[in-house]
Amino acid sequence: MADRAAPSAMAQLVADHHPALYRYAYRLSGSVCDAEDLTQQVFLIAQQKLGQVRDAECVRGWLFTVLRNCYLKTRGRRLALPIADFDVGEVPQPVPEQPIDNDQLQEAVNTLGDEFKLVVLLFYFEHRSYREIAELLDIPPGTVMSRLARAKGHLRRWFCEPQRQHRANGGQTATKDPTKDPTSAIDQPTAIRR
Amino acid sequence: MDKRIRESIEACRPGSDDLQSPELADAARLVEDDPEARLAFERVQAWDAAISKSLDEVSVPPGLAERILDRLRAAQDESAGRSPELLAGVVASASRTDKAPRDAQVAQVAPGSPVPNRRAWSRRHWAGGVSLALGACVLVIVVGNWLRLGNDLPLEVLADQWREELRNDWQIAGPPRDFAVPTAILVPPGRWQQIGRFATVPVVAYELVHAKAGKAMLYVAHMTRAGLPAAPPLAPQSTTGGQAVAYWQSGSNVYVLVVEDDRNYGAFVQPSTTPLA
């Protein structure tokens, strides 16, 4: 009970952090309802345990970590199927002139296995370095670099290959040769549940 | 541009000075000297900036902060044993799985909501019991499938899974007899632990620490895989992410060696053409 946060502190905490947490939760879960549930869970835990955080500057990172853990708990362990190595010989295509479509981006994120999704969102969302990501997820830095490169390549390719999106949306089989991927490759967008 | 350089380029955050860090010095040099590497770096940075910006563009549902605060208040009341009406609201709110409009959900939490009677709870418990039994059956099937799938997975992927199963439960003495460390391993293991206790494939993980070459893990699994070499290979079968993964079969064990820095593979293992002890 000593750790329980005061109501006014909680109100301030919610006001300060709920938008960022909700956005992160949405990108992780891909669902509006799940994102809201996750965000609420985070603050429920914060209400109980926020006193454990000694440094006020660490609160944001702590909340994001709680969110990640909540997500993994609700999700269960998911492992990506074996993925193709990414092609290092090619330079990525230029960024399209039109803005990146938000829904398409979420579709692409949804196809990543959790081990890729967590790494890529820590990179893009929390702006963590690969060393910090390695420490947070307790995996070797080389693994982080590899997963980052492959996941980022997969996201880029999503916008460079309309056929791929069509296939993911239940359309006909794509004809594009994955070995000619300009950026990188994750050939199996689905994941298996253990 | 080799894979290590490309992964280093991909690891640089957009608009940061990550490329100046000593670990990425090779990549920085190449970006400076090689037009193709520079173009790759610039394009990766441009993509990263665009994706990062787009990822942040998620509209927050109106009234979310109020709903969170309502739920926090209700949870506090629940733990204090007060206000059964609010408690009912919390239960209803927590068990929400539908996509009903948010206003309706807020109404569920409002004071004065009906409290479920004992009979309703009893029916719910029965339903819960039946669901639990069905869930157990499904679990048995899923676990069975997983075990079968797990045995089909590439050893690099299995090693990744085993690493994630490691707990802070290391043993120092008495490594299991059937999981002996082969003589080809040059670094004596510091500690070990058994993993995969609930799987059909028992695995023992050994941590190998070399003063100069860093860390490696040796996994010894009671399993048989066709087509594996009978001794540690001269070069690891995989070096993805700068991590070396080598595997071989000896007797009834498969050995998987994961060296954190692939350049130090030779410091941990003596490749041999003769079968291992």
# chains A, B, ... in the order shown; residues from 1 in each chain; ligands from 1
$ interface_residues --of "chain A" --to "chain B" --cutoff "7 Å" --atoms "only C-alpha atoms" --output "PyMOL selection string"
chain A and resi 11+14-15+18-19+22-23+33+40+44+82+88-89+91-92+94-95+100+102+124-125+129-130+140+142-143+145-146+148-149+194
$ residues_around --residues "Ala221 of chain B" --least-positions-apart "2" --cutoff "6 Å" --atoms "only C-alpha atoms" --output "ChimeraX atom specification"
/B:202-203,223,253-254
$ closest_residue --among "B:Pro271, B:Gly128, B:Pro35, B:Gly251" --to "Asp178 of chain B" --atoms "only C-alpha atoms"
B:Gly251
$ closest_residue --among "B:Leu24, B:Val187, B:Ala133, B:Leu228" --to "His210 of chain B" --atoms "only C-alpha atoms"
B:Val187
$ closest_residue --among "B:Val209, B:Leu218, B:Ala226, B:Val181" --to "Ala246 of chain B" --atoms "only C-alpha atoms"
B:Leu218
$ closest_residue --among "B:Val220, B:Val138, B:Leu158, B:Ala211" --to "Ala180 of chain B" --atoms "only C-alpha atoms"
B:Val220
$ decode --residues "segment 175-215 of chain B" --atoms "N, CA and C atoms" --output "mmCIF file, in the first residue's frame"
data_model
loop_
_atom_site.group_PDB
_atom_site.id
_atom_site.type_symbol
_atom_site.label_atom_id
_atom_site.label_comp_id
_atom_site.auth_asym_id
_atom_site.auth_seq_id
_atom_site.Cartn_x
_atom_site.Cartn_y
_atom_site.Cartn_z
ATOM 1 N N PRO B 175 26.841 -31.111 -13.653
ATOM 2 C CA PRO B 175 26.090 -31.113 -14.904
ATOM 3 C C PRO B 175 25.585 -32.515 -15.223
ATOM 4 N N PRO B 176 24.406 -32.633 -15.804
ATOM 5 C CA PRO B 176 23.810 -33.944 -16.042
ATOM 6 C C PRO B 176 24.706 -34.836 -16.921
ATOM 7 N N ARG B 177 24.741 -36.104 -16.566
ATOM 8 C CA ARG B 177 25.664 -37.033 -17.218
ATOM 9 C C ARG B 177 25.375 -37.174 -18.722
ATOM 10 N N ASP B 178 24.090 -37.230 -19.069
ATOM 11 C CA ASP B 178 23.744 -37.475 -20.473
ATOM 12 C C ASP B 178 23.902 -36.243 -21.360
ATOM 13 N N PHE B 179 24.283 -35.136 -20.760
ATOM 14 C CA PHE B 179 24.395 -33.900 -21.537
ATOM 15 C C PHE B 179 25.824 -33.353 -21.468
ATOM 16 N N ALA B 180 26.781 -34.239 -21.530
ATOM 17 C CA ALA B 180 28.173 -33.830 -21.328
ATOM 18 C C ALA B 180 28.615 -32.830 -22.382
ATOM 19 N N VAL B 181 29.492 -31.932 -21.965
ATOM 20 C CA VAL B 181 30.053 -30.952 -22.896
ATOM 21 C C VAL B 181 31.109 -31.657 -23.741
ATOM 22 N N PRO B 182 31.031 -31.564 -25.061
ATOM 23 C CA PRO B 182 32.004 -32.267 -25.903
ATOM 24 C C PRO B 182 33.416 -31.707 -25.729
ATOM 25 N N THR B 183 34.374 -32.556 -26.012
ATOM 26 C CA THR B 183 35.773 -32.137 -25.828
ATOM 27 C C THR B 183 36.172 -31.049 -26.825
ATOM 28 N N ALA B 184 35.409 -30.914 -27.893
ATOM 29 C CA ALA B 184 35.741 -29.887 -28.884
ATOM 30 C C ALA B 184 35.483 -28.476 -28.366
ATOM 31 N N ILE B 185 34.710 -28.362 -27.310
ATOM 32 C CA ILE B 185 34.444 -27.040 -26.733
ATOM 33 C C ILE B 185 35.671 -26.616 -25.920
ATOM 34 N N LEU B 186 36.234 -25.476 -26.284
ATOM 35 C CA LEU B 186 37.511 -25.059 -25.718
ATOM 36 C C LEU B 186 37.368 -24.300 -24.396
ATOM 37 N N VAL B 187 36.184 -23.756 -24.160
ATOM 38 C CA VAL B 187 35.981 -22.943 -22.952
ATOM 39 C C VAL B 187 35.155 -23.758 -21.949
ATOM 40 N N PRO B 188 35.664 -23.984 -20.775
ATOM 41 C CA PRO B 188 34.886 -24.755 -19.802
ATOM 42 C C PRO B 188 33.636 -23.980 -19.376
ATOM 43 N N PRO B 189 32.514 -24.677 -19.295
ATOM 44 C CA PRO B 189 31.280 -23.955 -18.945
ATOM 45 C C PRO B 189 31.317 -23.458 -17.510
ATOM 46 N N GLY B 190 30.813 -22.231 -17.317
ATOM 47 C CA GLY B 190 30.780 -21.658 -15.983
ATOM 48 C C GLY B 190 29.570 -22.147 -15.212
ATOM 49 N N ARG B 191 28.436 -22.261 -15.879
ATOM 50 C CA ARG B 191 27.217 -22.675 -15.193
ATOM 51 C C ARG B 191 26.253 -23.270 -16.210
ATOM 52 N N TRP B 192 25.234 -23.923 -15.741
ATOM 53 C CA TRP B 192 24.299 -24.586 -16.653
ATOM 54 C C TRP B 192 22.898 -24.562 -16.064
ATOM 55 N N GLN B 193 21.937 -24.822 -16.915
ATOM 56 C CA GLN B 193 20.563 -25.020 -16.451
ATOM 57 C C GLN B 193 19.798 -25.860 -17.444
ATOM 58 N N GLN B 194 18.815 -26.572 -16.927
ATOM 59 C CA GLN B 194 17.972 -27.384 -17.803
ATOM 60 C C GLN B 194 16.799 -26.542 -18.265
ATOM 61 N N ILE B 195 16.504 -26.637 -19.546
ATOM 62 C CA ILE B 195 15.352 -25.898 -20.071
ATOM 63 C C ILE B 195 14.461 -26.876 -20.824
ATOM 64 N N GLY B 196 13.321 -26.385 -21.240
ATOM 65 C CA GLY B 196 12.399 -27.236 -21.993
ATOM 66 C C GLY B 196 11.912 -28.408 -21.162
ATOM 67 N N ARG B 197 11.674 -28.177 -19.864
ATOM 68 C CA ARG B 197 11.297 -29.286 -18.986
ATOM 69 C C ARG B 197 9.968 -29.919 -19.378
ATOM 70 N N PHE B 198 9.098 -29.112 -19.985
ATOM 71 C CA PHE B 198 7.779 -29.632 -20.323
ATOM 72 C C PHE B 198 7.727 -30.108 -21.776
ATOM 73 N N ALA B 199 8.844 -30.032 -22.455
ATOM 74 C CA ALA B 199 8.870 -30.471 -23.846
ATOM 75 C C ALA B 199 9.382 -31.911 -23.917
ATOM 76 N N THR B 200 9.149 -32.522 -25.070
ATOM 77 C CA THR B 200 9.643 -33.889 -25.227
ATOM 78 C C THR B 200 11.141 -33.893 -25.449
ATOM 79 N N VAL B 201 11.685 -32.741 -25.798
ATOM 80 C CA VAL B 201 13.124 -32.668 -26.047
ATOM 81 C C VAL B 201 13.798 -31.982 -24.861
ATOM 82 N N PRO B 202 14.432 -32.759 -23.987
ATOM 83 C CA PRO B 202 15.136 -32.111 -22.890
ATOM 84 C C PRO B 202 16.404 -31.435 -23.384
ATOM 85 N N VAL B 203 16.660 -30.281 -22.852
ATOM 86 C CA VAL B 203 17.795 -29.475 -23.307
ATOM 87 C C VAL B 203 18.546 -28.947 -22.091
ATOM 88 N N VAL B 204 19.859 -28.971 -22.175
ATOM 89 C CA VAL B 204 20.666 -28.325 -21.143
ATOM 90 C C VAL B 204 21.456 -27.196 -21.791
ATOM 91 N N ALA B 205 21.419 -26.043 -21.159
ATOM 92 C CA ALA B 205 22.143 -24.879 -21.679
ATOM 93 C C ALA B 205 23.366 -24.627 -20.812
ATOM 94 N N TYR B 206 24.508 -24.493 -21.453
ATOM 95 C CA TYR B 206 25.739 -24.167 -20.748
ATOM 96 C C TYR B 206 26.154 -22.754 -21.134
ATOM 97 N N GLU B 207 26.555 -21.987 -20.153
ATOM 98 C CA GLU B 207 27.080 -20.652 -20.449
ATOM 99 C C GLU B 207 28.605 -20.736 -20.496
ATOM 100 N N LEU B 208 29.155 -20.247 -21.599
ATOM 101 C CA LEU B 208 30.597 -20.268 -21.783
ATOM 102 C C LEU B 208 31.083 -18.823 -21.813
ATOM 103 N N VAL B 209 32.004 -18.506 -20.950
ATOM 104 C CA VAL B 209 32.524 -17.130 -20.913
ATOM 105 C C VAL B 209 34.030 -17.168 -21.153
ATOM 106 N N HIS B 210 34.433 -16.461 -22.180
ATOM 107 C CA HIS B 210 35.852 -16.374 -22.533
ATOM 108 C C HIS B 210 36.340 -14.974 -22.170
ATOM 109 N N ALA B 211 37.525 -14.906 -21.536
ATOM 110 C CA ALA B 211 38.013 -13.613 -21.037
ATOM 111 C C ALA B 211 38.087 -12.569 -22.142
ATOM 112 N N LYS B 212 38.483 -12.979 -23.342
ATOM 113 C CA LYS B 212 38.647 -11.993 -24.419
ATOM 114 C C LYS B 212 37.565 -12.105 -25.490
ATOM 115 N N ALA B 213 37.039 -13.301 -25.664
ATOM 116 C CA ALA B 213 36.122 -13.526 -26.796
ATOM 117 C C ALA B 213 34.658 -13.374 -26.409
ATOM 118 N N GLY B 214 34.381 -12.998 -25.179
ATOM 119 C CA GLY B 214 32.995 -12.751 -24.796
ATOM 120 C C GLY B 214 32.245 -14.019 -24.416
ATOM 121 N N LYS B 215 30.957 -14.033 -24.762
ATOM 122 C CA LYS B 215 30.081 -15.080 -24.251
ATOM 123 C C LYS B 215 29.544 -15.970 -25.354
#
